[in-house]
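work-v2.pdb (PDB, N, CA and C atoms)
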```
MODEL        1
ATOM      1  N   MET A   1       0.821  -1.181   0.000  1.00  0.00           N
ATOM      2  CA  MET A   1       0.000   0.000   0.000  1.00  0.00           C
ATOM      3  C   MET A   1       0.866   1.246   0.000  1.00  0.00           C
ATOM      4  N   ASN A   2       2.071   1.100  -0.457  1.00  0.00           N
ATOM      5  CA  ASN A   2       2.980   2.238  -0.532  1.00  0.00           C
ATOM      6  C   ASN A   2       2.815   2.957  -1.861  1.00  0.00           C
ATOM      7  N   GLY A   3       3.256   4.205  -1.907  1.00  0.00           N
ATOM      8  CA  GLY A   3       3.183   4.994  -3.122  1.00  0.00           C
ATOM      9  C   GLY A   3       4.322   4.663  -4.066  1.00  0.00           C
ATOM     10  N   TYR A   4       4.409   5.443  -5.116  1.00  0.00           N
ATOM     11  CA  TYR A   4       5.431   5.222  -6.130  1.00  0.00           C
ATOM     12  C   TYR A   4       6.742   5.945  -5.834  1.00  0.00           C
ATOM     13  N   SER A   5       6.684   6.990  -5.013  1.00  0.00           N
ATOM     14  CA  SER A   5       7.901   7.719  -4.693  1.00  0.00           C
ATOM     15  C   SER A   5       7.945   7.995  -3.183  1.00  0.00           C
ATOM     16  N   VAL A   6       9.102   8.435  -2.703  1.00  0.00           N
ATOM     17  CA  VAL A   6       9.269   8.664  -1.264  1.00  0.00           C
ATOM     18  C   VAL A   6       8.407   9.812  -0.755  1.00  0.00           C
ATOM     19  N   GLU A   7       7.924  10.683  -1.640  1.00  0.00           N
ATOM     20  CA  GLU A   7       7.079  11.794  -1.218  1.00  0.00           C
ATOM     21  C   GLU A   7       5.617  11.395  -1.047  1.00  0.00           C
ATOM     22  N   ASP A   8       5.229  10.241  -1.591  1.00  0.00           N
ATOM     23  CA  ASP A   8       3.832   9.818  -1.527  1.00  0.00           C
ATOM     24  C   ASP A   8       3.424   9.449  -0.100  1.00  0.00           C
ATOM     25  N   ASP A   9       2.157   9.698   0.219  1.00  0.00           N
ATOM     26  CA  ASP A   9       1.613   9.247   1.486  1.00  0.00           C
ATOM     27  C   ASP A   9       1.513   7.724   1.467  1.00  0.00           C
ATOM     28  N   ILE A  10       1.642   7.140   2.626  1.00  0.00           N
ATOM     29  CA  ILE A  10       1.493   5.691   2.788  1.00  0.00           C
ATOM     30  C   ILE A  10       0.305   5.494   3.718  1.00  0.00           C
ATOM     31  N   ALA A  11      -0.801   5.022   3.158  1.00  0.00           N
ATOM     32  CA  ALA A  11      -2.030   4.885   3.933  1.00  0.00           C
ATOM     33  C   ALA A  11      -1.904   3.791   4.985  1.00  0.00           C
ATOM     34  N   PHE A  12      -1.165   2.732   4.675  1.00  0.00           N
ATOM     35  CA  PHE A  12      -1.044   1.619   5.625  1.00  0.00           C
ATOM     36  C   PHE A  12       0.269   0.887   5.386  1.00  0.00           C
ATOM     37  N   HIS A  13       1.064   0.773   6.425  1.00  0.00           N
ATOM     38  CA  HIS A  13       2.344   0.060   6.359  1.00  0.00           C
ATOM     39  C   HIS A  13       2.310  -1.053   7.399  1.00  0.00           C
ATOM     40  N   LEU A  14       2.523  -2.289   6.961  1.00  0.00           N
ATOM     41  CA  LEU A  14       2.507  -3.465   7.829  1.00  0.00           C
ATOM     42  C   LEU A  14       3.898  -4.068   7.831  1.00  0.00           C
ATOM     43  N   ASN A  15       4.496  -4.216   9.005  1.00  0.00           N
ATOM     44  CA  ASN A  15       5.859  -4.716   9.116  1.00  0.00           C
ATOM     45  C   ASN A  15       5.925  -5.814  10.179  1.00  0.00           C
ATOM     46  N   PRO A  16       5.876  -7.102   9.764  1.00  0.00           N
ATOM     47  CA  PRO A  16       6.038  -8.176  10.740  1.00  0.00           C
ATOM     48  C   PRO A  16       7.504  -8.272  11.178  1.00  0.00           C
ATOM     49  N   ARG A  17       7.751  -8.072  12.442  1.00  0.00           N
ATOM     50  CA  ARG A  17       9.110  -8.128  12.981  1.00  0.00           C
ATOM     51  C   ARG A  17       9.240  -9.389  13.823  1.00  0.00           C
ATOM     52  N   VAL A  18       9.582 -10.473  13.146  1.00  0.00           N
ATOM     53  CA  VAL A  18       9.637 -11.785  13.787  1.00  0.00           C
ATOM     54  C   VAL A  18      10.629 -11.783  14.941  1.00  0.00           C
ATOM     55  N   GLY A  19      11.779 -11.134  14.772  1.00  0.00           N
ATOM     56  CA  GLY A  19      12.784 -11.089  15.832  1.00  0.00           C
ATOM     57  C   GLY A  19      12.293 -10.399  17.090  1.00  0.00           C
ATOM     58  N   GLU A  20      11.355  -9.465  16.935  1.00  0.00           N
ATOM     59  CA  GLU A  20      10.778  -8.763  18.082  1.00  0.00           C
ATOM     60  C   GLU A  20       9.482  -9.420  18.557  1.00  0.00           C
ATOM     61  N   GLY A  21       8.961 -10.368  17.759  1.00  0.00           N
ATOM     62  CA  GLY A  21       7.714 -11.032  18.121  1.00  0.00           C
ATOM     63  C   GLY A  21       6.497 -10.135  17.964  1.00  0.00           C
ATOM     64  N   GLN A  22       6.602  -9.106  17.117  1.00  0.00           N
ATOM     65  CA  GLN A  22       5.490  -8.174  16.953  1.00  0.00           C
ATOM     66  C   GLN A  22       5.267  -7.806  15.493  1.00  0.00           C
ATOM     67  N   VAL A  23       4.036  -7.401  15.211  1.00  0.00           N
ATOM     68  CA  VAL A  23       3.673  -6.811  13.934  1.00  0.00           C
ATOM     69  C   VAL A  23       3.508  -5.321  14.188  1.00  0.00           C
ATOM     70  N   VAL A  24       4.175  -4.494  13.395  1.00  0.00           N
ATOM     71  CA  VAL A  24       4.104  -3.040  13.558  1.00  0.00           C
ATOM     72  C   VAL A  24       3.310  -2.473  12.385  1.00  0.00           C
ATOM     73  N   MET A  25       2.336  -1.614  12.697  1.00  0.00           N
ATOM     74  CA  MET A  25       1.505  -0.978  11.681  1.00  0.00           C
ATOM     75  C   MET A  25       1.625   0.534  11.833  1.00  0.00           C
ATOM     76  N   ASN A  26       1.590   1.241  10.706  1.00  0.00           N
ATOM     77  CA  ASN A  26       1.788   2.675  10.748  1.00  0.00           C
ATOM     78  C   ASN A  26       1.282   3.287   9.441  1.00  0.00           C
ATOM     79  N   CYS A  27       1.297   4.618   9.368  1.00  0.00           N
ATOM     80  CA  CYS A  27       0.998   5.342   8.140  1.00  0.00           C
ATOM     81  C   CYS A  27       1.922   6.547   8.057  1.00  0.00           C
ATOM     82  N   CYS A  28       2.094   7.075   6.864  1.00  0.00           N
ATOM     83  CA  CYS A  28       2.920   8.262   6.653  1.00  0.00           C
ATOM     84  C   CYS A  28       2.090   9.259   5.858  1.00  0.00           C
ATOM     85  N   MET A  29       1.814  10.405   6.460  1.00  0.00           N
ATOM     86  CA  MET A  29       0.985  11.420   5.829  1.00  0.00           C
ATOM     87  C   MET A  29       1.735  12.737   5.816  1.00  0.00           C
ATOM     88  N   GLY A  30       1.846  13.342   4.655  1.00  0.00           N
ATOM     89  CA  GLY A  30       2.524  14.624   4.543  1.00  0.00           C
ATOM     90  C   GLY A  30       3.988  14.559   4.928  1.00  0.00           C
ATOM     91  N   GLY A  31       4.611  13.396   4.701  1.00  0.00           N
ATOM     92  CA  GLY A  31       6.028  13.228   5.001  1.00  0.00           C
ATOM     93  C   GLY A  31       6.348  12.884   6.441  1.00  0.00           C
ATOM     94  N   ALA A  32       5.321  12.730   7.295  1.00  0.00           N
ATOM     95  CA  ALA A  32       5.552  12.412   8.709  1.00  0.00           C
ATOM     96  C   ALA A  32       4.884  11.082   9.070  1.00  0.00           C
ATOM     97  N   TRP A  33       5.644  10.220   9.738  1.00  0.00           N
ATOM     98  CA  TRP A  33       5.108   8.948  10.195  1.00  0.00           C
ATOM     99  C   TRP A  33       4.233   9.166  11.422  1.00  0.00           C
ATOM    100  N   GLY A  34       3.138   8.433  11.484  1.00  0.00           N
ATOM    101  CA  GLY A  34       2.235   8.487  12.631  1.00  0.00           C
ATOM    102  C   GLY A  34       2.758   7.626  13.766  1.00  0.00           C
ATOM    103  N   ASP A  35       1.960   7.491  14.804  1.00  0.00           N
ATOM    104  CA  ASP A  35       2.308   6.632  15.938  1.00  0.00           C
ATOM    105  C   ASP A  35       2.183   5.174  15.517  1.00  0.00           C
ATOM    106  N   GLU A  36       3.149   4.367  15.906  1.00  0.00           N
ATOM    107  CA  GLU A  36       3.114   2.940  15.588  1.00  0.00           C
ATOM    108  C   GLU A  36       2.053   2.240  16.428  1.00  0.00           C
ATOM    109  N   GLU A  37       1.397   1.275  15.805  1.00  0.00           N
ATOM    110  CA  GLU A  37       0.537   0.353  16.531  1.00  0.00           C
ATOM    111  C   GLU A  37       1.237  -0.996  16.483  1.00  0.00           C
ATOM    112  N   ARG A  38       1.346  -1.645  17.635  1.00  0.00           N
ATOM    113  CA  ARG A  38       2.043  -2.929  17.717  1.00  0.00           C
ATOM    114  C   ARG A  38       1.129  -4.000  18.280  1.00  0.00           C
ATOM    115  N   GLU A  39       1.249  -5.181  17.701  1.00  0.00           N
ATOM    116  CA  GLU A  39       0.508  -6.350  18.168  1.00  0.00           C
ATOM    117  C   GLU A  39       1.471  -7.528  18.209  1.00  0.00           C
ATOM    118  N   ASP A  40       1.242  -8.449  19.126  1.00  0.00           N
ATOM    119  CA  ASP A  40       2.046  -9.666  19.158  1.00  0.00           C
ATOM    120  C   ASP A  40       1.807 -10.463  17.884  1.00  0.00           C
ATOM    121  N   ILE A  41       2.842 -11.103  17.389  1.00  0.00           N
ATOM    122  CA  ILE A  41       2.728 -11.921  16.181  1.00  0.00           C
ATOM    123  C   ILE A  41       1.882 -13.145  16.497  1.00  0.00           C
ATOM    124  N   PRO A  42       0.858 -13.405  15.668  1.00  0.00           N
ATOM    125  CA  PRO A  42       0.056 -14.617  15.867  1.00  0.00           C
ATOM    126  C   PRO A  42       0.923 -15.862  15.700  1.00  0.00           C
ATOM    127  N   SER A  43       0.591 -16.922  16.386  1.00  0.00           N
ATOM    128  CA  SER A  43       1.422 -18.129  16.397  1.00  0.00           C
ATOM    129  C   SER A  43       1.701 -18.730  15.019  1.00  0.00           C
ATOM    130  N   PRO A  44       0.763 -18.749  14.050  1.00  0.00           N
ATOM    131  CA  PRO A  44       1.139 -19.320  12.738  1.00  0.00           C
ATOM    132  C   PRO A  44       2.316 -18.597  12.086  1.00  0.00           C
ATOM    133  N   LEU A  45       2.401 -17.282  12.240  1.00  0.00           N
ATOM    134  CA  LEU A  45       3.512 -16.537  11.666  1.00  0.00           C
ATOM    135  C   LEU A  45       4.798 -16.831  12.425  1.00  0.00           C
ATOM    136  N   ALA A  46       4.714 -16.897  13.725  1.00  0.00           N
ATOM    137  CA  ALA A  46       5.887 -17.177  14.535  1.00  0.00           C
ATOM    138  C   ALA A  46       6.440 -18.574  14.239  1.00  0.00           C
ATOM    139  N   ASP A  47       5.551 -19.518  13.905  1.00  0.00           N
ATOM    140  CA  ASP A  47       5.971 -20.890  13.623  1.00  0.00           C
ATOM    141  C   ASP A  47       6.365 -21.102  12.169  1.00  0.00           C
ATOM    142  N   ARG A  48       6.376 -20.010  11.390  1.00  0.00           N
ATOM    143  CA  ARG A  48       6.726 -20.052   9.969  1.00  0.00           C
ATOM    144  C   ARG A  48       5.793 -20.954   9.161  1.00  0.00           C
ATOM    145  N   GLU A  49       4.534 -20.980   9.571  1.00  0.00           N
ATOM    146  CA  GLU A  49       3.500 -21.708   8.846  1.00  0.00           C
ATOM    147  C   GLU A  49       2.786 -20.733   7.913  1.00  0.00           C
ATOM    148  N   PRO A  50       2.137 -21.239   6.862  1.00  0.00           N
ATOM    149  CA  PRO A  50       1.358 -20.346   5.995  1.00  0.00           C
ATOM    150  C   PRO A  50       0.299 -19.613   6.818  1.00  0.00           C
ATOM    151  N   PHE A  51       0.020 -18.378   6.416  1.00  0.00           N
ATOM    152  CA  PHE A  51      -0.988 -17.597   7.126  1.00  0.00           C
ATOM    153  C   PHE A  51      -1.701 -16.681   6.144  1.00  0.00           C
ATOM    154  N   GLU A  52      -2.788 -16.128   6.588  1.00  0.00           N
ATOM    155  CA  GLU A  52      -3.597 -15.237   5.757  1.00  0.00           C
ATOM    156  C   GLU A  52      -3.773 -13.919   6.489  1.00  0.00           C
ATOM    157  N   VAL A  53      -3.635 -12.824   5.761  1.00  0.00           N
ATOM    158  CA  VAL A  53      -3.864 -11.495   6.321  1.00  0.00           C
ATOM    159  C   VAL A  53      -5.067 -10.907   5.604  1.00  0.00           C
ATOM    160  N   LYS A  54      -6.053 -10.467   6.372  1.00  0.00           N
ATOM    161  CA  LYS A  54      -7.221  -9.810   5.800  1.00  0.00           C
ATOM    162  C   LYS A  54      -7.188  -8.344   6.208  1.00  0.00           C
ATOM    163  N   VAL A  55      -7.314  -7.463   5.228  1.00  0.00           N
ATOM    164  CA  VAL A  55      -7.352  -6.026   5.488  1.00  0.00           C
ATOM    165  C   VAL A  55      -8.711  -5.520   5.023  1.00  0.00           C
ATOM    166  N   VAL A  56      -9.470  -4.976   5.961  1.00  0.00           N
ATOM    167  CA  VAL A  56     -10.769  -4.391   5.649  1.00  0.00           C
ATOM    168  C   VAL A  56     -10.593  -2.876   5.645  1.00  0.00           C
ATOM    169  N   VAL A  57     -10.966  -2.246   4.551  1.00  0.00           N
ATOM    170  CA  VAL A  57     -10.829  -0.801   4.422  1.00  0.00           C
ATOM    171  C   VAL A  57     -12.137  -0.143   4.860  1.00  0.00           C
ATOM    172  N   LYS A  58     -12.042   0.659   5.919  1.00  0.00           N
ATOM    173  CA  LYS A  58     -13.184   1.415   6.425  1.00  0.00           C
ATOM    174  C   LYS A  58     -13.064   2.860   5.954  1.00  0.00           C
ATOM    175  N   LYS A  59     -14.029   3.688   6.295  1.00  0.00           N
ATOM    176  CA  LYS A  59     -14.027   5.078   5.854  1.00  0.00           C
ATOM    177  C   LYS A  59     -12.776   5.827   6.306  1.00  0.00           C
ATOM    178  N   ASN A  60     -12.360   5.636   7.555  1.00  0.00           N
ATOM    179  CA  ASN A  60     -11.192   6.375   8.074  1.00  0.00           C
ATOM    180  C   ASN A  60     -10.213   5.491   8.824  1.00  0.00           C
ATOM    181  N   LYS A  61     -10.233   4.177   8.552  1.00  0.00           N
ATOM    182  CA  LYS A  61      -9.298   3.277   9.216  1.00  0.00           C
ATOM    183  C   LYS A  61      -9.205   1.956   8.473  1.00  0.00           C
ATOM    184  N   PHE A  62      -8.228   1.165   8.859  1.00  0.00           N
ATOM    185  CA  PHE A  62      -8.060  -0.188   8.344  1.00  0.00           C
ATOM    186  C   PHE A  62      -8.276  -1.153   9.492  1.00  0.00           C
ATOM    187  N   LYS A  63      -8.893  -2.281   9.213  1.00  0.00           N
ATOM    188  CA  LYS A  63      -9.058  -3.351  10.202  1.00  0.00           C
ATOM    189  C   LYS A  63      -8.255  -4.531   9.681  1.00  0.00           C
ATOM    190  N   VAL A  64      -7.260  -4.980  10.455  1.00  0.00           N
ATOM    191  CA  VAL A  64      -6.383  -6.069  10.032  1.00  0.00           C
ATOM    192  C   VAL A  64      -6.688  -7.309  10.852  1.00  0.00           C
TER     193      VAL A  64
ENDMDL
END
```
Written as structure tokens, that's how I'd like the structure from this file.
Amino acid sequence: MNGYSVEDDIAFHLNPRVGEGQVVMNCCMGGAWGDEEREDIPSPLADREPFEVKVVVKKNKFKV
């Protein structure tokens, strides 16, 4: 969900950080990153098993 250039806004950035045991979510608007939201990595991802990510786009937010 990233733009084509570094100046573009990023509506939703998802970064699974297996070494930290967390998934980090964020957005970048007007060149500034917002506050990170962090969640523990679900066990299928931690166990390196196949997994599915569902992203629901709402009017002013994303539901992951």
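Going from atom CA of A:Asn60 to atom CA of A:Ile41 covers 24.4 Å.
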| request: Give me the residues within 7 Å of A:Leu14 as a list in words, counting only N, CA and C atoms and dropping any in the same chain fewer than 4 places off. | output: Val23, Val24, Met25 and Asn26 of chain A
Selection file, N, CA and C atoms, as a PDB file, keeping the file's coordinate frame:
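Produced file part-v2.pdb, reproduced below:
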```
ATOM      1  N   VAL A  23       4.036  -7.401  15.211  1.00  0.00           N
ATOM      2  CA  VAL A  23       3.673  -6.811  13.934  1.00  0.00           C
ATOM      3  C   VAL A  23       3.508  -5.321  14.188  1.00  0.00           C
ATOM      4  N   VAL A  24       4.175  -4.494  13.395  1.00  0.00           N
ATOM      5  CA  VAL A  24       4.104  -3.040  13.558  1.00  0.00           C
ATOM      6  C   VAL A  24       3.310  -2.473  12.385  1.00  0.00           C
ATOM      7  N   MET A  25       2.336  -1.614  12.697  1.00  0.00           N
ATOM      8  CA  MET A  25       1.505  -0.978  11.681  1.00  0.00           C
ATOM      9  C   MET A  25       1.625   0.534  11.833  1.00  0.00           C
ATOM     10  N   ASN A  26       1.590   1.241  10.706  1.00  0.00           N
ATOM     11  CA  ASN A  26       1.788   2.675  10.748  1.00  0.00           C
ATOM     12  C   ASN A  26       1.282   3.287   9.441  1.00  0.00           C
TER      13      ASN A  26
END
```
| Residue list (alpha helix (DSSP H), DSSP) for chain A, as a PyMOL selection string | chain A and resi 43-46
Those residues with N, CA and C atoms, as a PDB file, in the frame of the given file please?
```
ATOM      1  N   SER A  43       0.591 -16.922  16.386  1.00  0.00           N
ATOM      2  CA  SER A  43       1.422 -18.129  16.397  1.00  0.00           C
ATOM      3  C   SER A  43       1.701 -18.730  15.019  1.00  0.00           C
ATOM      4  N   PRO A  44       0.763 -18.749  14.050  1.00  0.00           N
ATOM      5  CA  PRO A  44       1.139 -19.320  12.738  1.00  0.00           C
ATOM      6  C   PRO A  44       2.316 -18.597  12.086  1.00  0.00           C
ATOM      7  N   LEU A  45       2.401 -17.282  12.240  1.00  0.00           N
ATOM      8  CA  LEU A  45       3.512 -16.537  11.666  1.00  0.00           C
ATOM      9  C   LEU A  45       4.798 -16.831  12.425  1.00  0.00           C
ATOM     10  N   ALA A  46       4.714 -16.897  13.725  1.00  0.00           N
ATOM     11  CA  ALA A  46       5.887 -17.177  14.535  1.00  0.00           C
ATOM     12  C   ALA A  46       6.440 -18.574  14.239  1.00  0.00           C
TER      13      ALA A  46
END
```
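Take the candidates A:Val18, A:Val64, A:Val6, A:Val53 and check each one against A:Gly31 using all atoms listed in the file; the shortest distance goes to A:Val6.
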Enclosing box along x, y and z for every listed atom of stretch 12-15 of chain A, padded 3 Å each side, centre and size in Å, one decimal, as JSON:
```
{"center_x": 2.4, "center_y": -1.5, "center_z": 7.4, "size_x": 13.1, "size_y": 14.5, "size_z": 11.5}
```
| task | Name every residue that the PyMOL selection byres ((chain A and resi 28-30) around 7) selects in this structure, writing the answer as a PyMOL selection string with chains first and numbers rising. | result | chain A and resi 7-13+26-27+31-34
Selection from above, N, CA and C atoms, as a compact mmCIF listing (two decimals), in the frame of the given file, can you write it?
```
# COMPACT_ATOMS: atom_id res chain seq x y z
N GLU A 7 7.92 10.68 -1.64
CA GLU A 7 7.08 11.79 -1.22
C GLU A 7 5.62 11.40 -1.05
N ASP A 8 5.23 10.24 -1.59
CA ASP A 8 3.83 9.82 -1.53
C ASP A 8 3.42 9.45 -0.10
N ASP A 9 2.16 9.70 0.22
CA ASP A 9 1.61 9.25 1.49
C ASP A 9 1.51 7.72 1.47
N ILE A 10 1.64 7.14 2.63
CA ILE A 10 1.49 5.69 2.79
C ILE A 10 0.30 5.49 3.72
N ALA A 11 -0.80 5.02 3.16
CA ALA A 11 -2.03 4.88 3.93
C ALA A 11 -1.90 3.79 4.99
N PHE A 12 -1.16 2.73 4.68
CA PHE A 12 -1.04 1.62 5.62
C PHE A 12 0.27 0.89 5.39
N HIS A 13 1.06 0.77 6.42
CA HIS A 13 2.34 0.06 6.36
C HIS A 13 2.31 -1.05 7.40
N ASN A 26 1.59 1.24 10.71
CA ASN A 26 1.79 2.68 10.75
C ASN A 26 1.28 3.29 9.44
N CYS A 27 1.30 4.62 9.37
CA CYS A 27 1.00 5.34 8.14
C CYS A 27 1.92 6.55 8.06
N GLY A 31 4.61 13.40 4.70
CA GLY A 31 6.03 13.23 5.00
C GLY A 31 6.35 12.88 6.44
N ALA A 32 5.32 12.73 7.30
CA ALA A 32 5.55 12.41 8.71
C ALA A 32 4.88 11.08 9.07
N TRP A 33 5.64 10.22 9.74
CA TRP A 33 5.11 8.95 10.20
C TRP A 33 4.23 9.17 11.42
N GLY A 34 3.14 8.43 11.48
CA GLY A 34 2.24 8.49 12.63
C GLY A 34 2.76 7.63 13.77
```
| So which residues of chain A fall under strand (DSSP E or B) by DSSP, listed as a PyMOL selection string? | chain A and resi 10-17+22-29+32-33+37-40+56-57+62-63
| task | Record the distance separating atom CA of A:Arg17 and atom CA of A:Lys59, expressed in Å with one decimal. | result | 27.6 Å
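Of note, atom C of A:Asp40 and atom CA of A:Gly21 are spaced 5.9 Å apart.
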